[in-house]
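Heads up, my_file21.cif below (mmCIF, C-alpha atoms):
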```cif
data_protein
loop_
_atom_site.group_PDB
_atom_site.id
_atom_site.type_symbol
_atom_site.label_atom_id
_atom_site.label_comp_id
_atom_site.auth_asym_id
_atom_site.auth_seq_id
_atom_site.Cartn_x
_atom_site.Cartn_y
_atom_site.Cartn_z
ATOM 1 C CA MET A 1282 77.912 41.087 -35.013
ATOM 2 C CA SER A 1283 74.869 42.643 -36.667
ATOM 3 C CA LEU A 1284 72.070 43.519 -34.267
ATOM 4 C CA PRO A 1285 68.322 43.906 -34.925
ATOM 5 C CA ARG A 1286 67.607 46.905 -37.096
ATOM 6 C CA THR A 1287 66.138 50.015 -35.585
ATOM 7 C CA VAL A 1288 62.620 51.153 -36.355
ATOM 8 C CA ALA A 1289 64.078 54.069 -38.333
ATOM 9 C CA GLU A 1290 66.047 51.651 -40.548
ATOM 10 C CA VAL A 1291 62.955 49.562 -41.232
ATOM 11 C CA LEU A 1292 60.933 52.657 -42.129
ATOM 12 C CA ALA A 1293 63.702 54.032 -44.332
ATOM 13 C CA ASP A 1294 63.452 50.986 -46.621
ATOM 14 C CA HIS A 1295 59.931 51.855 -47.699
ATOM 15 C CA VAL A 1296 59.120 55.477 -46.909
ATOM 16 C CA THR A 1297 60.913 58.788 -47.167
ATOM 17 C CA LEU A 1298 62.365 59.449 -43.737
ATOM 18 C CA GLU A 1299 63.553 63.019 -43.241
ATOM 19 C CA VAL A 1300 65.553 64.307 -40.280
ATOM 20 C CA GLU A 1301 64.697 67.978 -40.151
ATOM 21 C CA GLY A 1302 67.457 68.818 -37.719
ATOM 22 C CA ILE A 1303 68.260 69.589 -34.128
ATOM 23 C CA ASP A 1304 67.130 72.807 -32.510
ATOM 24 C CA ARG A 1305 70.069 73.644 -30.259
ATOM 25 C CA THR A 1306 67.997 76.154 -28.290
ATOM 26 C CA TYR A 1307 65.426 73.595 -27.150
ATOM 27 C CA ASP A 1308 67.435 70.391 -27.850
ATOM 28 C CA VAL A 1309 64.737 69.023 -30.183
ATOM 29 C CA THR A 1310 65.192 66.603 -33.103
ATOM 30 C CA VAL A 1311 62.360 66.510 -35.630
ATOM 31 C CA PHE A 1312 61.673 63.416 -37.791
ATOM 32 C CA LYS A 1313 59.240 63.423 -40.706
ATOM 33 C CA VAL A 1314 57.974 60.178 -42.247
ATOM 34 C CA HIS A 1315 56.449 60.797 -45.679
ATOM 35 C CA TYR A 1316 53.814 58.570 -47.301
ATOM 36 C CA GLY A 1317 53.172 60.432 -50.548
ATOM 37 C CA LYS A 1318 51.218 63.531 -49.525
ATOM 38 C CA LEU A 1319 50.737 62.324 -45.951
ATOM 39 C CA THR A 1320 53.388 63.109 -43.341
ATOM 40 C CA LEU A 1321 53.958 61.947 -39.781
ATOM 41 C CA LYS A 1322 55.949 64.489 -37.799
ATOM 42 C CA ILE A 1323 57.724 63.187 -34.709
ATOM 43 C CA TYR A 1324 59.538 65.412 -32.229
ATOM 44 C CA SER A 1325 60.206 65.790 -28.530
ATOM 45 C CA LYS A 1326 58.278 68.391 -26.560
ATOM 46 C CA GLY A 1327 60.073 69.015 -23.320
ATOM 47 C CA GLU A 1328 62.245 66.385 -21.657
ATOM 48 C CA ARG A 1329 59.560 63.720 -21.137
ATOM 49 C CA VAL A 1330 57.061 64.151 -23.981
ATOM 50 C CA LEU A 1331 57.310 62.713 -27.503
ATOM 51 C CA ARG A 1332 54.775 64.327 -29.817
ATOM 52 C CA ILE A 1333 53.574 62.820 -33.093
ATOM 53 C CA GLU A 1334 51.377 64.688 -35.574
ATOM 54 C CA VAL A 1335 49.728 63.758 -38.883
ATOM 55 C CA ILE A 1336 50.012 66.363 -41.624
ATOM 56 C CA VAL A 1337 47.955 66.260 -44.840
ATOM 57 C CA ASN A 1338 49.749 68.114 -47.614
ATOM 58 C CA ASN A 1339 47.006 67.256 -50.110
ATOM 59 C CA THR A 1340 43.617 65.875 -49.081
ATOM 60 C CA LYS A 1341 43.381 63.988 -52.386
ATOM 61 C CA GLU A 1342 45.359 61.307 -50.543
ATOM 62 C CA LEU A 1343 42.276 60.675 -48.389
ATOM 63 C CA PRO A 1344 39.260 58.923 -49.963
ATOM 64 C CA GLY A 1345 35.765 60.358 -49.914
ATOM 65 C CA GLY A 1346 36.136 63.907 -51.151
ATOM 66 C CA ARG A 1347 37.446 67.185 -49.757
ATOM 67 C CA SER A 1348 34.315 69.224 -49.048
ATOM 68 C CA LEU A 1349 34.029 71.119 -45.780
ATOM 69 C CA ASP A 1350 31.229 68.919 -44.480
ATOM 70 C CA ARG A 1351 33.642 65.958 -44.561
ATOM 71 C CA PHE A 1352 36.120 67.668 -42.239
ATOM 72 C CA PRO A 1353 35.027 65.682 -39.127
ATOM 73 C CA LYS A 1354 35.486 62.402 -41.025
ATOM 74 C CA ILE A 1355 38.920 63.520 -42.230
ATOM 75 C CA VAL A 1356 39.938 64.241 -38.626
ATOM 76 C CA VAL A 1357 38.731 60.794 -37.548
ATOM 77 C CA ARG A 1358 40.696 59.195 -40.392
ATOM 78 C CA LEU A 1359 43.874 61.069 -39.405
ATOM 79 C CA LYS A 1360 43.385 59.961 -35.803
ATOM 80 C CA GLU A 1361 43.126 56.328 -36.992
ATOM 81 C CA ILE A 1362 46.352 56.714 -39.013
ATOM 82 C CA LEU A 1363 48.170 58.134 -36.000
ATOM 83 C CA GLU A 1364 46.955 55.462 -33.575
ATOM 84 C CA ARG A 1365 47.782 52.668 -36.022
ATOM 85 C CA PHE A 1366 51.276 54.056 -36.554
ATOM 86 C CA LEU A 1367 51.882 54.094 -32.787
ATOM 87 C CA ASP A 1368 50.576 50.523 -32.465
ATOM 88 C CA LEU A 1369 52.880 49.345 -35.258
ATOM 89 C CA LEU A 1370 55.922 51.058 -33.744
ATOM 90 C CA TYR A 1371 55.209 49.214 -30.504
ATOM 91 C CA CYS A 1372 54.894 45.903 -32.376
ATOM 92 C CA LEU A 1373 58.195 46.454 -34.206
ATOM 93 C CA ASP A 1374 59.897 47.194 -30.895
ATOM 94 C CA ALA A 1375 58.287 44.428 -28.809
ATOM 95 C CA GLY A 1376 57.801 41.159 -30.675
ATOM 96 C CA PHE A 1377 55.988 38.182 -29.182
ATOM 97 C CA ILE A 1378 55.769 34.488 -30.100
ATOM 98 C CA GLY A 1379 53.024 32.297 -28.636
ATOM 99 C CA GLU A 1380 54.104 28.940 -27.265
ATOM 100 C CA ASP A 1381 52.364 26.960 -30.031
ATOM 101 C CA LEU A 1382 53.188 29.269 -32.957
ATOM 102 C CA LEU A 1383 56.185 27.307 -34.240
ATOM 103 C CA GLU A 1384 54.049 24.151 -34.385
ATOM 104 C CA ARG A 1385 51.155 25.911 -36.151
ATOM 105 C CA LEU A 1386 53.195 27.705 -38.803
ATOM 106 C CA PRO A 1387 54.020 24.729 -41.101
ATOM 107 C CA ALA A 1388 50.474 23.331 -40.998
ATOM 108 C CA PRO A 1389 48.139 24.064 -43.950
ATOM 109 C CA SER A 1390 45.278 26.491 -43.388
ATOM 110 C CA VAL A 1391 42.064 27.579 -45.104
ATOM 111 C CA VAL A 1392 41.298 31.095 -46.356
ATOM 112 C CA ARG A 1393 37.565 31.308 -47.077
ATOM 113 C CA ALA A 1394 37.089 28.152 -49.188
ATOM 114 C CA THR A 1395 40.686 27.806 -50.389
ATOM 115 C CA ARG A 1396 43.200 25.482 -48.767
ATOM 116 C CA VAL A 1397 46.700 27.033 -48.684
ATOM 117 C CA GLY A 1398 50.091 25.749 -47.574
ATOM 118 C CA GLY A 1399 51.804 26.515 -44.297
ATOM 119 C CA VAL A 1400 54.478 29.088 -43.578
ATOM 120 C CA ASN A 1401 58.010 27.699 -43.578
ATOM 121 C CA ILE A 1402 60.153 30.357 -41.907
ATOM 122 C CA GLU A 1403 63.272 28.319 -42.777
ATOM 123 C CA GLN A 1404 62.594 28.947 -46.460
ATOM 124 C CA VAL A 1405 64.570 31.947 -47.701
ATOM 125 C CA ARG A 1406 61.739 33.249 -49.878
ATOM 126 C CA MET A 1407 59.230 33.122 -47.037
ATOM 127 C CA ARG A 1408 61.592 34.924 -44.675
ATOM 128 C CA ARG A 1409 61.991 37.688 -47.243
ATOM 129 C CA VAL A 1410 58.213 37.860 -47.632
ATOM 130 C CA VAL A 1411 57.771 38.261 -43.879
ATOM 131 C CA GLU A 1412 60.498 40.901 -43.819
ATOM 132 C CA GLY A 1413 58.791 42.718 -46.691
ATOM 133 C CA VAL A 1414 55.456 42.677 -44.873
ATOM 134 C CA VAL A 1415 57.093 44.126 -41.749
ATOM 135 C CA GLU A 1416 58.682 46.910 -43.784
ATOM 136 C CA LEU A 1417 55.404 47.757 -45.549
ATOM 137 C CA SER A 1418 53.314 47.532 -42.387
ATOM 138 C CA THR A 1419 53.482 51.222 -41.458
ATOM 139 C CA SER A 1420 51.808 52.413 -44.664
ATOM 140 C CA PRO A 1421 48.457 54.046 -43.735
ATOM 141 C CA THR A 1422 46.838 52.628 -46.881
ATOM 142 C CA GLY A 1423 48.161 49.081 -46.569
ATOM 143 C CA PHE A 1424 49.976 47.352 -49.440
ATOM 144 C CA SER A 1425 49.155 45.365 -52.556
ATOM 145 C CA ALA A 1426 50.594 42.100 -53.862
ATOM 146 C CA SER A 1427 52.595 43.977 -56.498
ATOM 147 C CA GLU A 1428 54.089 46.291 -53.841
ATOM 148 C CA LEU A 1429 55.067 43.312 -51.701
ATOM 149 C CA ALA A 1430 56.602 41.590 -54.739
ATOM 150 C CA ALA A 1431 58.670 44.698 -55.496
ATOM 151 C CA ARG A 1432 59.832 44.855 -51.867
ATOM 152 C CA VAL A 1433 60.829 41.157 -51.822
ATOM 153 C CA ARG A 1434 62.733 41.544 -55.096
ATOM 154 C CA ALA A 1435 64.587 44.535 -53.681
ATOM 155 C CA ILE A 1436 65.562 42.580 -50.562
ATOM 156 C CA ASN A 1437 66.705 39.524 -52.530
ATOM 157 C CA GLY A 1438 68.072 41.321 -55.566
ATOM 158 C CA LEU A 1439 65.824 39.254 -57.865
ATOM 159 C CA PRO A 1440 64.542 40.093 -61.354
ATOM 160 C CA LYS A 1441 60.809 40.587 -61.859
ATOM 161 C CA SER A 1442 60.506 37.207 -63.559
ATOM 162 C CA GLU A 1443 61.664 35.422 -60.385
ATOM 163 C CA TYR A 1444 59.048 36.832 -58.025
ATOM 164 C CA GLY A 1445 55.960 38.590 -59.313
ATOM 165 C CA ALA A 1446 52.612 39.759 -57.978
ATOM 166 C CA ARG A 1447 50.996 36.345 -58.516
ATOM 167 C CA ARG A 1448 53.442 34.559 -56.217
ATOM 168 C CA ALA A 1449 53.220 37.400 -53.718
ATOM 169 C CA ALA A 1450 49.429 37.077 -53.690
ATOM 170 C CA TYR A 1451 49.727 33.385 -52.775
ATOM 171 C CA ASP A 1452 52.213 34.154 -49.993
ATOM 172 C CA ILE A 1453 49.861 36.843 -48.700
ATOM 173 C CA LYS A 1454 47.091 34.258 -48.611
ATOM 174 C CA LYS A 1455 49.302 31.933 -46.540
ATOM 175 C CA LEU A 1456 49.924 34.713 -44.019
ATOM 176 C CA ARG A 1457 46.202 35.479 -43.960
ATOM 177 C CA GLY A 1458 45.601 31.813 -43.161
ATOM 178 C CA LYS A 1459 47.750 32.203 -40.043
ATOM 179 C CA GLY A 1460 45.843 35.319 -38.985
ATOM 180 C CA PHE A 1461 48.817 37.610 -39.590
ATOM 181 C CA LEU A 1462 47.226 39.715 -42.344
ATOM 182 C CA ILE A 1463 43.763 41.002 -43.161
ATOM 183 C CA ARG A 1464 42.277 42.535 -46.293
ATOM 184 C CA ARG A 1465 41.355 46.224 -46.157
ATOM 185 C CA GLY A 1466 37.621 46.158 -46.799
ATOM 186 C CA LYS A 1467 36.810 44.862 -50.281
ATOM 187 C CA SER A 1468 40.022 46.170 -51.815
ATOM 188 C CA ARG A 1469 43.059 44.170 -52.885
ATOM 189 C CA ARG A 1470 45.216 45.845 -50.284
ATOM 190 C CA TYR A 1471 46.321 44.223 -47.042
ATOM 191 C CA GLU A 1472 47.665 45.121 -43.626
ATOM 192 C CA PRO A 1473 48.991 43.137 -40.670
ATOM 193 C CA VAL A 1474 47.009 42.734 -37.481
ATOM 194 C CA VAL A 1475 48.733 43.823 -34.298
ATOM 195 C CA GLU A 1476 49.438 40.351 -32.914
ATOM 196 C CA GLY A 1477 50.478 39.093 -36.340
ATOM 197 C CA LEU A 1478 53.036 41.877 -36.735
ATOM 198 C CA ARG A 1479 54.439 41.182 -33.274
ATOM 199 C CA ALA A 1480 54.804 37.492 -34.153
ATOM 200 C CA MET A 1481 56.466 38.150 -37.530
ATOM 201 C CA THR A 1482 58.902 40.620 -35.992
ATOM 202 C CA ALA A 1483 59.779 38.171 -33.229
ATOM 203 C CA LEU A 1484 60.309 35.298 -35.697
ATOM 204 C CA LEU A 1485 62.800 37.337 -37.709
ATOM 205 C CA VAL A 1486 64.690 38.593 -34.671
ATOM 206 C CA VAL A 1487 64.864 35.198 -32.929
ATOM 207 C CA ARG A 1488 66.098 33.342 -36.023
ATOM 208 C CA GLU A 1489 68.465 35.937 -37.476
ATOM 209 C CA LYS A 1490 69.743 37.637 -34.328
ATOM 210 C CA VAL A 1491 69.630 34.896 -31.681
ATOM 211 C CA ILE A 1492 69.626 31.315 -32.987
ATOM 212 C CA ARG A 1493 71.747 31.748 -36.104
ATOM 213 C CA PRO A 1494 74.668 33.731 -34.606
ATOM 214 C CA LEU A 1495 74.695 31.682 -31.404
ATOM 215 C CA VAL A 1496 74.826 28.340 -33.225
ATOM 216 C CA ALA A 1497 77.521 29.648 -35.556
ATOM 217 C CA ALA A 1498 79.648 30.910 -32.672
ATOM 218 C CA SER A 1499 79.158 27.943 -30.335
ATOM 219 C CA GLY A 1500 80.831 25.276 -32.446
ATOM 220 C CA LYS A 1501 84.377 26.335 -31.802
ATOM 221 C CA VAL A 1502 86.277 28.607 -29.495
ATOM 222 C CA VAL A 1503 87.572 31.697 -31.234
ATOM 223 C CA SER A 1504 89.724 34.166 -29.391
ATOM 224 C CA ARG A 1505 88.265 37.628 -29.765
ATOM 225 C CA PRO A 1506 89.699 40.880 -28.499
ATOM 226 C CA LYS A 1507 87.689 42.388 -25.685
ATOM 227 C CA LEU A 1508 85.767 45.457 -26.712
ATOM 228 C CA LYS A 1509 86.555 48.475 -24.617
ATOM 229 C CA ASN A 1510 83.045 49.887 -24.646
ATOM 230 C CA GLN A 1511 80.778 46.851 -24.610
ATOM 231 C CA THR A 1512 77.051 47.468 -24.678
ATOM 232 C CA ARG A 1513 74.643 45.444 -22.583
ATOM 233 C CA ILE A 1514 73.636 43.458 -25.691
ATOM 234 C CA ASP A 1515 77.299 42.676 -26.443
ATOM 235 C CA ARG A 1516 77.692 41.265 -22.922
ATOM 236 C CA ARG A 1517 74.489 39.208 -23.278
ATOM 237 C CA TYR A 1518 75.722 37.683 -26.549
ATOM 238 C CA GLU A 1519 79.080 36.784 -25.031
ATOM 239 C CA THR A 1520 77.450 35.068 -22.038
ATOM 240 C CA LEU A 1521 75.026 33.171 -24.276
ATOM 241 C CA ARG A 1522 77.807 31.996 -26.605
ATOM 242 C CA ASP A 1523 79.783 30.565 -23.706
ATOM 243 C CA THR A 1524 76.693 28.874 -22.216
ATOM 244 C CA MET A 1525 75.619 27.424 -25.583
ATOM 245 C CA ARG A 1526 79.073 25.963 -26.138
ATOM 246 C CA LEU A 1527 78.938 24.160 -22.783
ATOM 247 C CA LEU A 1528 75.372 22.980 -23.436
ATOM 248 C CA PHE A 1529 76.375 21.506 -26.809
ATOM 249 C CA GLN A 1530 79.239 19.677 -25.144
ATOM 250 C CA ASP A 1531 76.932 18.215 -22.469
ATOM 251 C CA LEU A 1532 74.401 17.104 -25.122
ATOM 252 C CA GLY A 1533 77.081 15.656 -27.399
ATOM 253 C CA LEU A 1534 76.224 18.006 -30.268
ATOM 254 C CA ALA A 1535 78.617 19.426 -32.808
ATOM 255 C CA ALA A 1536 77.511 22.783 -34.199
#
```
Could you show the structure in this file as structure tokens?
Amino acid sequence: MSLPRTVAEVLADHVTLEVEGIDRTYDVTVFKVHYGKLTLKIYSKGERVLRIEVIVNNTKELPGGRSLDRFPKIVVRLKEILERFLDLLYCLDAGFIGEDLLERLPAPSVVRATRVGGVNIEQVRMRRVVEGVVELSTSPTGFSASELAARVRAINGLPKSEYGARRAAYDIKKLRGKGFLIRRGKSRRYEPVVEGLRAMTALLVVREKVIRPLVAASGKVVSRPKLKNQTRIDRRYETLRDTMRLLFQDLGLAA
């Protein structure tokens, strides 16, 4: 059974993730996440400290010039990138769905003066859009409609004619209507808000890793060999499958 992807796997789909190696002397593994000329370096420092640094290989990646008098502003910008990255890692690891979210999602919404449709998470295209947004969320400069379209096509294996920037822009507007995304200033680049990213992550995990496999496995009894080294998640799935099967029987449902 496939389990939710790790943060490293999500990052690897969009950025260059480099494992520098393990220092056997100090038992340290160093990860580097590259965004063009910007790099996030992640490594352990001692047994209880995880250190994350932002490295600028070329200050042309940062807007506003490179003169010495702008150094304080560059430091502030790097601090914002680091803090946002940490916030997003937390969101990817700890999703959250409000009690009324599933009812609000399909309802139409308004972005500025434009009425847009709701978000149907049961629609394959919309699920791939949400997945694409999650994968692009760690970029320090946000993402554009064309970048999201390219990510969705890569996930679905679609040609460019099937899903372009125009359709991606409309889907972005629908997610903005739900408060999941915001525009970066006056640009045409977007980024998820913290609570929106937590909700999108939770929606994907609940549907793909909880509801779907449990419903599929609860319809009939299938003898499976016991795994010798079961993880805690394996044991949770097995207990849930058995309970769901009994619940379906009591409710008179056939999965």
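When all atoms listed in the file are used to measure the gap to A:Val1411, the shortest distance among A:Leu1319, A:Leu1349, A:Val1392, A:Val1433 belongs to A:Val1433.
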**Message:** Can you spell out as a list of chain:residue names the set of residues that the PyMOL selection byres ((chain A and resi 1403) around 12) selects in the structure I just provided?
**Reply:** A:Leu1383, A:Leu1386, A:Pro1387, A:Gly1399, A:Val1400, A:Asn1401, A:Ile1402, A:Gln1404, A:Val1405, A:Arg1406, A:Met1407, A:Arg1408, A:Arg1409, A:Val1410, A:Val1411, A:Leu1484, A:Leu1485, A:Arg1488, A:Glu1489, A:Arg1493
**Asked** For A:Arg1464, which residue out of A:Ala1426, A:Leu1367, A:Val1486, A:Ile1436 is the nearest one, using all atoms listed in the file?
**Response**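 Using all atoms listed in the file, the shortest distance to A:Arg1464 belongs to A:Ala1426.
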**Asked** On this structure, which residues satisfy the PyMOL selection byres ((chain A and resi 1470) around 7), written as a PyMOL selection string?
**Response** chain A and resi 1423-1425+1464-1465+1468-1469+1471
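Picked out by the PyMOL selection byres ((chain A and resi 1398) around 10) when it runs on this file: Leu1386, Pro1387, Ala1388, Pro1389, Ser1390, Val1391, Arg1396, Val1397, Gly1399, Val1400, Asn1401, Tyr1451, Asp1452, Lys1454, Lys1455, Leu1456 and Gly1458 of chain A.
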**Gap from atom CA of A:Phe1461 to atom CA of A:Val1491 - Å, one decimal** =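 According to the coordinates, atom CA of A:Phe1461 and atom CA of A:Val1491 are separated by 22.4 Å.
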**Fill in**
note - atom CA of A:Gly1460 and atom CA of A:Tyr1371 are separated by 18.8 Å
**Item:** Atomic separation - atom CA of A:Leu1363 relative to atom CA of A:Glu1334, Å
**Value:** 7.3 Å
Give as an mmCIF file with C-alpha atoms, keeping the file's coordinate frame the set of residues within 8 Å of the point (46.8, 61.1, -39.9), where distances use the file's coordinates and all atoms listed in the file.
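Now in part-v1.cif:
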```
data_model
loop_
_atom_site.group_PDB
_atom_site.id
_atom_site.type_symbol
_atom_site.label_atom_id
_atom_site.label_comp_id
_atom_site.auth_asym_id
_atom_site.auth_seq_id
_atom_site.Cartn_x
_atom_site.Cartn_y
_atom_site.Cartn_z
ATOM 1 C CA LEU A 1319 50.737 62.324 -45.951
ATOM 2 C CA THR A 1320 53.388 63.109 -43.341
ATOM 3 C CA LEU A 1321 53.958 61.947 -39.781
ATOM 4 C CA GLU A 1334 51.377 64.688 -35.574
ATOM 5 C CA VAL A 1335 49.728 63.758 -38.883
ATOM 6 C CA ILE A 1336 50.012 66.363 -41.624
ATOM 7 C CA VAL A 1337 47.955 66.260 -44.840
ATOM 8 C CA VAL A 1356 39.938 64.241 -38.626
ATOM 9 C CA ARG A 1358 40.696 59.195 -40.392
ATOM 10 C CA LEU A 1359 43.874 61.069 -39.405
ATOM 11 C CA LYS A 1360 43.385 59.961 -35.803
ATOM 12 C CA GLU A 1361 43.126 56.328 -36.992
ATOM 13 C CA ILE A 1362 46.352 56.714 -39.013
ATOM 14 C CA LEU A 1363 48.170 58.134 -36.000
#
```
Residues of stretch 1376-1424 of chain A within 12 Å of stretch 1314-1318 of chain A: nearest atom pair and distance (Å, one decimal) for each, counting only C-alpha atoms, sorted by chain and number, as CSV?
```
residue,atom,partner,partner_atom,distance
A:Leu1417,CA,A:Tyr1316,CA,11.1
A:Thr1419,CA,A:Tyr1316,CA,9.4
A:Ser1420,CA,A:Tyr1316,CA,7.0
A:Pro1421,CA,A:Tyr1316,CA,7.9
A:Thr1422,CA,A:Tyr1316,CA,9.2
A:Gly1423,CA,A:Tyr1316,CA,11.1
```
**Message:** Neighbouring residues of A:Arg1432 were defined as those with any atom within 12 Å, considering all atoms listed in the file; residues of the same chain fewer than 2 positions away were excluded. Please report them as a ChimeraX atom specification.
**Reply:** /A:1294-1296,1406,1409-1418,1424-1430,1434-1441,1444-1446,1449
Reconstruct N, CA and C atoms of stretch 1450-1476 of chain A from the incomplete input and present them as a tab-separated table (two decimals), keeping the file's coordinate frame.
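Heads up, here's the output in out34.tsv:
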```tsv
chain	number	residue	atom	x	y	z
A	1450	ALA	N	50.83	37.22	-54.10
A	1450	ALA	CA	49.43	37.08	-53.69
A	1450	ALA	C	49.21	35.75	-52.96
A	1451	TYR	N	49.87	34.68	-53.45
A	1451	TYR	CA	49.73	33.38	-52.78
A	1451	TYR	C	50.39	33.41	-51.39
A	1452	ASP	N	51.55	34.05	-51.29
A	1452	ASP	CA	52.21	34.15	-49.99
A	1452	ASP	C	51.39	35.00	-49.02
A	1453	ILE	N	50.75	36.04	-49.54
A	1453	ILE	CA	49.86	36.84	-48.70
A	1453	ILE	C	48.72	35.98	-48.17
A	1454	LYS	N	48.20	35.13	-49.03
A	1454	LYS	CA	47.09	34.26	-48.61
A	1454	LYS	C	47.55	33.30	-47.51
A	1455	LYS	N	48.79	32.82	-47.59
A	1455	LYS	CA	49.30	31.93	-46.54
A	1455	LYS	C	49.40	32.68	-45.21
A	1456	LEU	N	49.84	33.93	-45.25
A	1456	LEU	CA	49.92	34.71	-44.02
A	1456	LEU	C	48.54	35.07	-43.50
A	1457	ARG	N	47.59	35.26	-44.39
A	1457	ARG	CA	46.20	35.48	-43.96
A	1457	ARG	C	45.67	34.23	-43.27
A	1458	GLY	N	46.05	33.06	-43.77
A	1458	GLY	CA	45.60	31.81	-43.16
A	1458	GLY	C	46.08	31.64	-41.74
A	1459	LYS	N	47.22	32.26	-41.41
A	1459	LYS	CA	47.75	32.20	-40.04
A	1459	LYS	C	47.23	33.35	-39.17
A	1460	GLY	N	46.39	34.21	-39.77
A	1460	GLY	CA	45.84	35.32	-38.98
A	1460	GLY	C	46.80	36.48	-38.84
A	1461	PHE	N	47.85	36.52	-39.68
A	1461	PHE	CA	48.82	37.61	-39.59
A	1461	PHE	C	48.37	38.85	-40.37
A	1462	LEU	N	47.65	38.62	-41.47
A	1462	LEU	CA	47.23	39.72	-42.34
A	1462	LEU	C	45.71	39.71	-42.50
A	1463	ILE	N	45.17	40.88	-42.81
A	1463	ILE	CA	43.76	41.00	-43.16
A	1463	ILE	C	43.65	41.87	-44.40
A	1464	ARG	N	42.55	41.70	-45.12
A	1464	ARG	CA	42.28	42.54	-46.29
A	1464	ARG	C	41.61	43.83	-45.83
A	1465	ARG	N	41.96	44.92	-46.47
A	1465	ARG	CA	41.36	46.22	-46.16
A	1465	ARG	C	40.03	46.35	-46.90
A	1466	GLY	N	38.94	46.08	-46.20
A	1466	GLY	CA	37.62	46.16	-46.80
A	1466	GLY	C	37.47	45.19	-47.95
A	1467	LYS	N	36.98	45.68	-49.08
A	1467	LYS	CA	36.81	44.86	-50.28
A	1467	LYS	C	37.91	45.11	-51.30
A	1468	SER	N	38.92	45.85	-50.90
A	1468	SER	CA	40.02	46.17	-51.82
A	1468	SER	C	40.99	45.00	-51.92
A	1469	ARG	N	41.99	45.16	-52.77
A	1469	ARG	CA	43.06	44.17	-52.88
A	1469	ARG	C	44.32	44.65	-52.18
A	1470	ARG	N	44.10	45.37	-51.10
A	1470	ARG	CA	45.22	45.84	-50.28
A	1470	ARG	C	45.12	45.18	-48.92
A	1471	TYR	N	46.26	45.01	-48.27
A	1471	TYR	CA	46.32	44.22	-47.04
A	1471	TYR	C	47.12	44.96	-45.98
A	1472	GLU	N	46.91	44.55	-44.74
A	1472	GLU	CA	47.66	45.12	-43.63
A	1472	GLU	C	47.77	44.07	-42.52
A	1473	PRO	N	48.85	44.12	-41.75
A	1473	PRO	CA	48.99	43.14	-40.67
A	1473	PRO	C	48.14	43.50	-39.46
A	1474	VAL	N	47.66	42.50	-38.77
A	1474	VAL	CA	47.01	42.73	-37.48
A	1474	VAL	C	48.10	42.91	-36.43
A	1475	VAL	N	47.74	43.49	-35.31
A	1475	VAL	CA	48.73	43.82	-34.30
A	1475	VAL	C	49.49	42.59	-33.82
A	1476	GLU	N	48.77	41.54	-33.43
A	1476	GLU	CA	49.44	40.35	-32.91
A	1476	GLU	C	50.24	39.64	-34.00
```
